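What follows is the content of data22.txt (compact mmCIF, C-alpha atoms).
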# COMPACT_ATOMS: atom_id res chain seq x y z
CA MET A 412 294.94 168.95 120.76
CA SER A 413 294.84 171.77 123.25
CA GLU A 414 295.97 170.62 126.69
CA LYS A 415 293.12 172.71 128.07
CA LEU A 416 290.44 171.01 125.98
CA ASN A 417 287.58 170.10 128.29
CA GLY A 418 283.91 169.26 128.01
CA LEU A 419 282.79 172.85 127.64
CA GLU A 420 285.37 173.78 125.02
CA LEU A 421 284.88 170.65 122.93
CA THR A 422 281.07 170.78 123.03
CA ARG A 423 281.15 174.46 122.10
CA ASN A 424 283.41 173.65 119.15
CA LEU A 425 281.08 170.89 118.00
CA VAL A 426 278.02 173.14 118.31
CA SER A 427 279.72 175.71 116.04
CA PHE A 428 279.31 173.26 113.15
CA ASN A 429 275.84 173.55 111.65
CA THR A 430 274.82 169.91 111.22
CA ILE A 431 271.07 170.41 111.06
CA ASN A 432 269.52 167.42 109.34
CA PRO A 433 268.43 167.81 106.64
CA PRO A 434 270.83 168.31 104.96
CA GLY A 435 273.24 167.22 107.74
CA ASN A 436 276.60 168.02 106.13
CA GLU A 437 278.35 166.21 108.99
CA ARG A 438 281.71 165.79 107.22
CA PRO A 439 283.45 169.00 108.45
CA CYS A 440 282.48 168.20 112.03
CA VAL A 441 283.70 164.60 111.94
CA GLU A 442 286.92 165.76 110.26
CA TYR A 443 287.52 168.05 113.23
CA ILE A 444 286.95 165.14 115.63
CA ALA A 445 289.18 162.85 113.59
CA ASP A 446 292.04 165.38 113.73
CA LEU A 447 291.81 165.43 117.53
CA MET A 448 291.88 161.67 117.77
CA LYS A 449 294.66 161.11 115.26
CA LYS A 450 296.93 163.28 117.41
CA LYS A 451 296.42 160.77 120.23
CA GLY A 452 297.27 157.76 118.09
CA PHE A 453 293.81 156.70 116.91
CA GLU A 454 293.39 155.18 113.47
CA THR A 455 290.48 157.01 111.87
CA THR A 456 288.30 155.97 108.96
CA PHE A 457 285.60 157.96 107.19
CA HIS A 458 282.54 156.17 105.86
CA GLU A 459 280.68 158.50 103.51
CA TYR A 460 277.37 157.00 102.40
CA GLU A 461 276.20 160.17 100.64
CA THR A 462 277.98 163.38 99.72
CA GLY A 463 278.83 165.14 102.99
CA ARG A 464 277.03 162.48 105.06
CA THR A 465 279.94 160.91 106.87
CA ASN A 466 280.38 158.44 109.72
CA LEU A 467 283.66 158.33 111.64
CA ILE A 468 285.23 155.18 113.06
CA ALA A 469 288.26 155.74 115.32
CA ARG A 470 290.25 152.89 116.90
CA LEU A 471 293.11 152.61 119.36
CA PRO A 472 294.69 149.18 120.01
CA PRO A 473 295.23 147.64 123.47
CA THR A 474 298.62 147.78 125.17
CA THR A 475 298.55 144.24 126.59
CA THR A 476 298.23 140.71 125.27
CA ALA A 477 295.40 139.98 127.72
CA VAL A 478 293.04 141.30 125.12
CA ARG A 479 289.33 141.70 125.75
CA LYS A 480 286.79 142.65 123.14
CA PRO A 481 286.72 146.38 122.29
CA ILE A 482 284.79 148.96 124.23
CA VAL A 483 282.85 151.15 121.79
CA PHE A 484 281.62 154.67 122.44
CA SER A 485 278.96 155.98 120.07
CA GLY A 486 277.06 159.16 119.32
CA HIS A 487 275.50 161.03 116.41
CA ILE A 488 276.61 164.45 115.26
CA ASP A 489 273.53 165.60 113.31
CA THR A 490 270.81 167.69 114.93
CA VAL A 491 267.17 168.54 114.33
CA PRO A 492 266.16 171.90 112.78
CA LEU A 493 265.79 175.01 114.92
CA GLY A 494 261.98 175.02 114.79
CA GLN A 495 259.57 177.88 114.16
CA ALA A 496 259.96 179.71 117.47
CA ALA A 497 262.67 182.37 117.72
CA TRP A 498 265.72 181.57 119.86
CA SER A 499 266.76 184.01 122.56
CA VAL A 500 270.42 182.97 122.08
CA SER A 501 272.53 182.15 119.06
CA PRO A 502 272.08 178.46 118.22
CA PHE A 503 275.69 178.02 117.06
CA ASP A 504 277.83 180.37 119.16
CA GLY A 505 277.96 178.30 122.34
CA GLU A 506 276.84 180.97 124.79
CA VAL A 507 277.18 180.12 128.48
CA HIS A 508 274.78 181.53 131.07
CA ASP A 509 274.45 180.38 134.68
CA GLY A 510 276.37 177.16 134.11
CA LYS A 511 274.39 176.23 131.01
CA LEU A 512 275.80 175.92 127.49
CA TYR A 513 273.21 176.93 124.90
CA GLY A 514 272.93 175.87 121.28
CA ARG A 515 271.36 173.41 118.90
CA GLY A 516 272.65 169.97 119.73
CA THR A 517 274.12 170.84 123.12
CA SER A 518 272.02 168.12 124.78
CA ASP A 519 271.09 166.00 121.77
CA MET A 520 273.82 165.06 121.57
CA LYS A 521 277.05 166.98 121.01
CA SER A 522 277.81 167.10 124.74
CA GLY A 523 277.54 163.30 124.70
CA VAL A 524 279.86 163.09 121.71
CA ALA A 525 282.29 165.37 123.54
CA ALA A 526 282.19 163.10 126.62
CA CYS A 527 282.94 160.07 124.44
CA VAL A 528 285.80 161.74 122.58
CA LEU A 529 287.39 163.15 125.72
CA ALA A 530 287.16 159.79 127.49
CA ALA A 531 288.74 158.01 124.54
CA ILE A 532 291.53 160.59 124.36
CA LYS A 533 292.26 160.15 128.08
CA LEU A 534 292.25 156.35 127.70
CA ALA A 535 294.98 156.79 125.07
CA ASP A 536 297.29 157.98 127.87
CA LEU A 537 296.93 154.79 129.91
CA GLN A 538 299.99 152.54 130.15
CA VAL A 539 297.72 149.52 130.59
CA ARG A 540 294.81 149.23 128.20
CA ASN A 541 293.29 145.76 128.02
CA ALA A 542 291.02 146.33 125.05
CA GLU A 543 290.76 148.30 121.88
CA VAL A 544 289.03 151.63 122.37
CA ALA A 545 286.71 152.52 119.51
CA VAL A 546 284.55 155.56 118.83
CA ILE A 547 281.76 155.60 116.25
CA ILE A 548 280.39 159.01 115.35
CA SER A 549 277.36 158.63 113.12
CA ALA A 550 275.57 160.87 110.66
CA GLY A 551 271.89 160.92 109.81
CA GLU A 552 270.49 159.64 113.11
CA GLU A 553 267.69 162.18 113.41
CA THR A 554 265.99 161.15 110.16
CA GLY A 555 265.94 157.37 110.48
CA TYR A 556 269.39 156.14 111.57
CA LYS A 557 270.65 156.20 107.98
CA GLY A 558 274.29 156.52 109.05
CA VAL A 559 274.50 153.38 111.18
CA LEU A 560 272.15 151.45 108.88
CA GLU A 561 274.64 152.05 106.08
CA LEU A 562 277.65 151.39 108.31
CA VAL A 563 276.53 147.96 109.50
CA LYS A 564 276.46 146.81 105.88
CA HIS A 565 280.28 146.80 106.15
CA PRO A 566 281.21 144.40 109.00
CA LYS A 567 284.95 144.82 108.55
CA LEU A 568 284.60 148.57 108.86
CA LEU A 569 282.26 148.24 111.83
CA GLY A 570 284.64 145.94 113.70
CA GLU A 571 283.96 144.08 116.94
CA CYS A 572 282.47 145.18 120.25
CA GLY A 573 282.54 143.74 123.75
CA ALA A 574 280.57 146.55 125.38
CA LEU A 575 278.73 149.53 123.89
CA ILE A 576 278.07 153.00 125.33
CA VAL A 577 275.64 155.31 123.52
CA ALA A 578 275.86 158.83 124.94
CA GLU A 579 272.33 160.10 124.26
CA PRO A 580 270.99 162.63 126.81
CA THR A 581 270.09 161.04 130.16
CA ASP A 582 271.16 163.74 132.66
CA ASN A 583 274.10 161.40 133.47
CA ARG A 584 271.71 158.67 134.63
CA PRO A 585 272.84 155.20 133.50
CA MET A 586 270.08 153.51 131.51
CA VAL A 587 269.99 149.85 130.59
CA GLY A 588 267.90 150.03 127.44
CA HIS A 589 264.87 151.39 125.64
CA LYS A 590 261.77 150.07 123.94
CA GLY A 591 261.69 149.17 120.29
CA SER A 592 259.96 151.38 117.77
CA LEU A 593 257.58 150.20 115.06
CA TRP A 594 255.88 152.96 113.09
CA LEU A 595 253.36 151.82 110.52
CA ASN A 596 251.04 153.27 107.92
CA LEU A 597 247.97 151.07 107.55
CA HIS A 598 246.44 151.42 104.07
CA PHE A 599 242.76 150.63 103.56
CA LYS A 600 241.15 150.49 100.10
CA GLY A 601 237.53 151.18 99.18
CA VAL A 602 235.46 151.91 96.09
CA THR A 603 234.50 155.48 95.30
CA ALA A 604 230.99 156.60 94.42
CA HIS A 605 228.88 159.75 94.55
CA GLY A 606 228.15 160.85 98.11
CA SER A 607 224.41 160.74 97.42
CA MET A 608 224.65 157.05 96.48
CA PRO A 609 227.00 155.55 99.09
CA ASN A 610 225.46 152.11 98.53
CA LEU A 611 227.35 151.98 95.22
CA GLY A 612 230.74 152.35 96.91
CA LYS A 613 232.83 150.88 99.69
CA ASN A 614 233.85 153.39 102.33
CA ALA A 615 237.55 153.07 103.24
CA ILE A 616 237.05 155.31 106.30
CA TYR A 617 234.60 152.80 107.76
CA LYS A 618 237.23 150.08 107.30
CA ALA A 619 239.83 152.27 108.98
CA CYS A 620 237.54 153.15 111.89
CA LYS A 621 236.74 149.48 112.46
CA ALA A 622 240.47 148.77 112.53
CA ILE A 623 241.09 151.63 114.96
CA GLU A 624 238.53 150.18 117.36
CA ILE A 625 240.39 146.88 117.25
CA LEU A 626 243.72 148.61 117.82
CA LYS A 627 242.39 150.57 120.82
CA ASN A 628 242.23 147.34 122.80
CA PHE A 629 244.97 145.41 121.03
CA ASN A 630 246.29 142.48 123.06
CA PHE A 631 250.04 142.11 122.58
CA LYS A 632 249.98 138.85 124.56
CA VAL A 633 253.21 139.67 126.38
CA GLU A 634 253.71 140.40 130.06
CA PRO A 635 255.08 143.87 130.97
CA HIS A 636 258.80 143.69 131.63
CA ALA A 637 259.87 144.52 135.19
CA ILE A 638 262.11 147.38 134.05
CA LEU A 639 261.31 148.11 130.40
CA GLY A 640 257.58 147.94 130.95
CA GLY A 641 254.86 146.82 128.58
CA PRO A 642 254.33 147.60 124.89
CA THR A 643 252.23 150.56 123.80
CA LEU A 644 250.22 151.46 120.71
CA ASN A 645 249.07 154.91 119.63
CA VAL A 646 247.04 155.86 116.57
CA GLY A 647 248.67 159.14 115.64
CA ASN A 648 247.00 160.30 112.45
CA MET A 649 244.64 159.42 109.61
CA LYS A 650 244.36 160.65 106.03
CA ALA A 651 241.34 159.70 103.95
CA GLY A 652 239.12 160.75 101.09
CA MET A 653 239.36 163.60 98.60
CA ASN A 654 236.10 165.49 99.04
CA VAL A 655 233.01 165.45 101.24
CA ASN A 656 230.55 164.43 98.52
CA SER A 657 232.34 161.24 97.46
CA VAL A 658 232.68 157.83 99.07
CA PRO A 659 236.37 157.66 100.09
CA ASP A 660 238.29 154.92 98.31
CA PHE A 661 241.37 155.18 100.51
CA ALA A 662 242.32 155.71 104.14
CA VAL A 663 245.75 155.68 105.75
CA VAL A 664 246.15 155.30 109.50
CA GLY A 665 249.48 156.08 111.20
CA VAL A 666 250.35 153.88 114.18
CA ASP A 667 253.21 154.24 116.68
CA ILE A 668 254.03 151.00 118.51
CA ARG A 669 256.71 150.64 121.20
CA THR A 670 257.83 147.05 121.79
CA THR A 671 259.44 145.39 124.78
CA VAL A 672 261.29 142.29 125.96
CA GLY A 673 259.57 139.05 124.90
CA GLN A 674 258.46 140.18 121.46
CA THR A 675 259.95 141.15 118.13
CA ASN A 676 258.69 143.82 115.79
CA ALA A 677 258.08 141.17 113.12
CA GLN A 678 255.83 139.23 115.51
CA VAL A 679 253.87 142.38 116.28
CA ARG A 680 253.41 143.22 112.58
CA GLY A 681 252.08 139.72 111.97
CA ALA A 682 249.68 139.99 114.90
CA ILE A 683 248.39 143.36 113.68
CA ALA A 684 247.75 141.96 110.20
CA ALA A 685 245.94 138.93 111.63
CA ALA A 686 243.80 141.06 113.96
CA LEU A 687 242.70 143.18 111.00
CA ASP A 688 241.87 140.06 108.94
CA ASN A 689 244.71 140.88 106.54
CA GLU A 690 242.45 143.44 104.86
CA VAL A 691 245.15 146.04 105.23
CA GLU A 692 248.37 146.87 103.45
CA ILE A 693 251.09 147.56 106.02
CA GLU A 694 253.77 150.11 105.22
CA ILE A 695 256.76 150.14 107.57
CA LEU A 696 258.04 153.62 108.45
CA THR A 697 260.40 152.78 111.33
CA ASP A 698 261.46 149.34 112.50
CA MET A 699 263.86 149.40 115.47
CA GLU A 700 264.04 146.54 117.95
CA HIS A 701 264.16 147.09 121.71
CA VAL A 702 267.49 147.38 123.54
CA TYR A 703 267.98 145.84 126.96
CA THR A 704 270.83 144.61 129.14
CA ASP A 705 270.19 142.90 132.46
CA PRO A 706 271.51 145.21 135.22
CA GLU A 707 273.02 142.09 136.82
CA ASP A 708 275.22 141.55 133.76
CA PRO A 709 278.84 141.82 135.09
CA TRP A 710 279.81 144.71 132.80
CA MET A 711 276.56 146.58 133.36
CA SER A 712 276.74 146.02 137.10
CA SER A 713 280.30 147.32 137.15
CA SER A 714 279.35 150.35 135.03
CA ILE A 715 276.45 151.22 137.34
CA ALA A 716 278.72 150.89 140.40
CA ILE A 717 281.30 153.19 138.79
CA SER A 718 278.57 155.71 138.00
CA GLU A 719 277.30 155.63 141.57
CA LYS A 720 280.80 156.16 142.96
CA ILE A 721 281.52 159.18 140.75
CA LEU A 722 278.01 160.65 141.02
CA GLY A 723 278.08 160.20 144.79
CA GLY A 724 274.96 158.15 145.40
CA ALA A 725 272.74 155.27 144.39
CA VAL A 726 271.11 155.43 140.97
CA LYS A 727 267.73 154.11 139.90
CA ILE A 728 267.74 151.38 137.27
CA GLU A 729 265.99 153.01 134.32
CA THR A 730 265.39 152.79 130.60
CA ALA A 731 265.17 155.63 128.07
CA THR A 732 261.87 156.81 126.62
CA TYR A 733 263.33 157.38 123.13
CA PHE A 734 265.14 154.96 120.83
CA THR A 735 268.76 155.18 119.68
CA ASP A 736 271.44 153.98 117.27
CA ALA A 737 271.86 151.05 119.68
CA SER A 738 268.82 149.46 118.01
CA VAL A 739 271.03 148.99 114.96
CA LEU A 740 274.50 148.68 116.49
CA LYS A 741 273.74 146.23 119.30
CA PRO A 742 272.46 143.38 117.07
CA ALA A 743 275.11 144.14 114.44
CA PHE A 744 277.80 143.70 117.11
CA GLY A 745 276.32 140.41 118.36
CA ASN A 746 274.28 141.89 121.23
CA PRO A 747 276.97 143.09 123.66
CA PRO A 748 275.94 144.73 126.96
CA THR A 749 274.85 148.27 126.17
CA LEU A 750 274.71 151.37 128.37
CA ILE A 751 272.79 154.49 127.36
CA MET A 752 274.17 157.46 129.22
CA GLY A 753 275.06 161.04 128.43
CA PRO A 754 275.37 164.50 129.99
CA GLY A 755 272.63 166.11 127.92
CA VAL A 756 269.43 167.29 129.57
CA LEU A 757 266.79 164.78 128.53
CA ALA A 758 263.97 167.32 128.62
CA MET A 759 265.89 169.76 126.37
CA ALA A 760 266.24 167.46 123.35
CA HIS A 761 264.81 169.17 120.23
CA GLN A 762 263.72 172.21 122.26
CA THR A 763 264.04 175.91 121.43
CA ASP A 764 266.96 177.44 123.40
CA GLU A 765 268.39 173.95 123.92
CA TYR A 766 271.12 173.76 126.56
CA CYS A 767 273.22 171.33 128.57
CA GLU A 768 274.67 171.74 132.04
CA VAL A 769 278.38 172.41 131.69
CA ASP A 770 279.61 170.52 134.75
CA LYS A 771 277.90 167.30 133.69
CA ILE A 772 280.01 166.93 130.54
CA ASP A 773 283.33 166.35 132.30
CA THR A 774 281.62 164.22 134.95
CA CYS A 775 280.21 161.97 132.23
CA SER A 776 283.60 161.76 130.55
CA GLU A 777 285.15 160.76 133.88
CA ILE A 778 282.62 157.94 134.23
CA PHE A 779 283.35 156.73 130.69
CA GLN A 780 287.09 156.79 131.39
CA ALA A 781 286.63 154.69 134.51
CA ILE A 782 284.38 152.18 132.72
CA GLY A 783 286.88 151.77 129.90
CA GLY A 784 290.06 151.99 131.96
CA GLU A 785 292.38 149.49 133.61
CA ASN A 786 289.52 147.72 135.36
CA TYR A 787 287.47 147.24 132.17
CA VAL A 788 285.28 144.24 132.96
CA LEU A 789 283.78 141.78 130.48
structure tokens encoding of this file:
Amino acid sequence: MSEKLNGLELTRNLVSFNTINPPGNERPCVEYIADLMKKKGFETTFHEYETGRTNLIARLPPTTTAVRKPIVFSGHIDTVPLGQAAWSVSPFDGEVHDGKLYGRGTSDMKSGVAACVLAAIKLADLQVRNAEVAVIISAGEETGYKGVLELVKHPKLLGECGALIVAEPTDNRPMVGHKGSLWLNLHFKGVTAHGSMPNLGKNAIYKACKAIEILKNFNFKVEPHAILGGPTLNVGNMKAGMNVNSVPDFAVVGVDIRTTVGQTNAQVRGAIAAALDNEVEIEILTDMEHVYTDPEDPWMSSSIAISEKILGGAVKIETATYFTDASVLKPAFGNPPTLIMGPGVLAMAHQTDEYCEVDKIDTCSEIFQAIGGENYVL
């Protein structure tokens, strides 16, 4: 590893790997990361769930016998496509202009991965390390969390976790969770007939529209959480019928539900089915539970205090608007306290001419080092 390797250099190197998903092809990028970490004494393991689709698990043991459960840093290395609009900069060359590093994945979330890796490498130099330091770099996050979903099927490979940090873009603001995500396709069946004789058919669109009216005012029967807020429901699309002069015998309604503390996605699915009199076939597209850690939790409280000290001021207790690999990893690890924090610019995720602010990468890494260092609290 270059002694001069810093947040800018490492993020730029990661951006140079084209990991647009699909197809992803994350393996060369995680091999590069693994080589860096092996030089600092980490044991690295590749978990390839499809050809070229590779997760990396890197571990470094503690130096003391006063062992606490491992601290785990996590991030995904795949990115979304470039989009239809033309970029004004190269998406893979890591151009820097006015303190901003440009490229696909700079904010979401290769700068976050860089902060994790750099922090872990620095923790390897500590004489006193009270817990194992682990880094999980996942593939396939952008198209349904396939990487971590496959990884958690192998508990021995996944290992243990006492505290989890997921370095998604937050502008270096510590966040204590995010809502769950439940995306559904609601399928309604009818009976087709000629459009001039609708009495001979059963119109699936009418069924769907009746259901939509019910969903507009759906009562989740849960109080809004003080920090995470209340659940939401949005009808995002509908597909129905084949032609204007036939009674439609099918309709599919797409629904985006965000869940909160006090409910599970399974409970919500059951309530939706009951509200629609079970006259609907429910197809699950995405099913990710909410993530939340009480800010008064000792580890979370300590992590927030460390962040405030390094950032130079009080921070607002917040939650992320998106959902993350933590939806899969947190329950698989036994629900450890989980911090979502990264140097990426939240508003630049998936954008044309995506960038991150260079100085935030090393600052984030410094915070991660302090959280996982000699005063690691559990």
Could you name the residues that touch Pro580 of chain A at 12 Å or less, counting only C-alpha atoms, but leaving out those on the same chain fewer than 2 positions away, as a PyMOL selection string?
-> chain A and resi 486-487+516-524+526+577-578+582-586+730-735+750-761+765-768+771-772+775
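Every protein, DNA or RNA residue with an atom at most 12 Å from Gly724 of chain A, where only C-alpha atoms count and chain neighbours fewer than 6 positions away do not, is listed here: Arg584, Ile715, Ala716, Ile717 and Ser718 of chain A.
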Distance criterion (only C-alpha atoms): nearest to Gln678 of chain A out of A:Leu593, A:Val663, A:Ile488, A:Ala574 =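 Of all the options, A:Leu593 lies closest to Gln678 of chain A.
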For each of A:Leu575, A:Leu471, A:Ala685, A:Ala677, take the minimum atom-to-atom distance to Ile625 of chain A, counting all atoms listed in the file, then give the residue where this is smallest.
->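 For Ile625 of chain A, the nearest of the candidates is A:Ala685.
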Pick from A:Ala550, A:Met448, A:Ala469, A:Leu562: nearest to Phe744 of chain A, with only C-alpha atoms counted?
->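 That would be A:Leu562, the residue with the smallest distance to Phe744 of chain A.
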Atoms added to segment 530-543 of chain A (N, CA and C atoms), reported as a PDB file, in the frame of the given file:
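Now in selection-v7.pdb:
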ATOM      1  N   ALA A 530     286.829 161.026 126.779  1.00  0.00           N
ATOM      2  CA  ALA A 530     287.160 159.790 127.490  1.00  0.00           C
ATOM      3  C   ALA A 530     288.124 158.946 126.687  1.00  0.00           C
ATOM      4  N   ALA A 531     287.864 158.808 125.396  1.00  0.00           N
ATOM      5  CA  ALA A 531     288.740 158.010 124.540  1.00  0.00           C
ATOM      6  C   ALA A 531     290.147 158.600 124.483  1.00  0.00           C
ATOM      7  N   ILE A 532     290.234 159.909 124.400  1.00  0.00           N
ATOM      8  CA  ILE A 532     291.530 160.590 124.360  1.00  0.00           C
ATOM      9  C   ILE A 532     292.302 160.345 125.667  1.00  0.00           C
ATOM     10  N   LYS A 533     291.599 160.406 126.790  1.00  0.00           N
ATOM     11  CA  LYS A 533     292.260 160.150 128.080  1.00  0.00           C
ATOM     12  C   LYS A 533     292.684 158.688 128.189  1.00  0.00           C
ATOM     13  N   LEU A 534     291.885 157.770 127.667  1.00  0.00           N
ATOM     14  CA  LEU A 534     292.250 156.350 127.700  1.00  0.00           C
ATOM     15  C   LEU A 534     293.507 156.085 126.871  1.00  0.00           C
ATOM     16  N   ALA A 535     293.765 156.936 125.885  1.00  0.00           N
ATOM     17  CA  ALA A 535     294.980 156.790 125.070  1.00  0.00           C
ATOM     18  C   ALA A 535     296.233 157.014 125.896  1.00  0.00           C
ATOM     19  N   ASP A 536     296.118 157.702 127.022  1.00  0.00           N
ATOM     20  CA  ASP A 536     297.290 157.980 127.870  1.00  0.00           C
ATOM     21  C   ASP A 536     297.596 156.858 128.849  1.00  0.00           C
ATOM     22  N   LEU A 537     296.712 155.862 128.960  1.00  0.00           N
ATOM     23  CA  LEU A 537     296.930 154.790 129.910  1.00  0.00           C
ATOM     24  C   LEU A 537     298.096 153.891 129.480  1.00  0.00           C
ATOM     25  N   GLN A 538     298.923 153.497 130.444  1.00  0.00           N
ATOM     26  CA  GLN A 538     299.990 152.540 130.150  1.00  0.00           C
ATOM     27  C   GLN A 538     299.438 151.138 129.976  1.00  0.00           C
ATOM     28  N   VAL A 539     298.359 150.825 130.699  1.00  0.00           N
ATOM     29  CA  VAL A 539     297.720 149.520 130.590  1.00  0.00           C
ATOM     30  C   VAL A 539     296.319 149.707 130.016  1.00  0.00           C
ATOM     31  N   ARG A 540     296.114 149.143 128.860  1.00  0.00           N
ATOM     32  CA  ARG A 540     294.810 149.230 128.200  1.00  0.00           C
ATOM     33  C   ARG A 540     294.503 147.825 127.670  1.00  0.00           C
ATOM     34  N   ASN A 541     293.536 147.170 128.287  1.00  0.00           N
ATOM     35  CA  ASN A 541     293.290 145.760 128.020  1.00  0.00           C
ATOM     36  C   ASN A 541     292.403 145.497 126.808  1.00  0.00           C
ATOM     37  N   ALA A 542     291.903 146.527 126.201  1.00  0.00           N
ATOM     38  CA  ALA A 542     291.020 146.330 125.050  1.00  0.00           C
ATOM     39  C   ALA A 542     291.161 147.496 124.090  1.00  0.00           C
ATOM     40  N   GLU A 543     290.837 147.224 122.857  1.00  0.00           N
ATOM     41  CA  GLU A 543     290.760 148.300 121.880  1.00  0.00           C
ATOM     42  C   GLU A 543     289.697 149.301 122.302  1.00  0.00           C
TER      43      GLU A 543
END
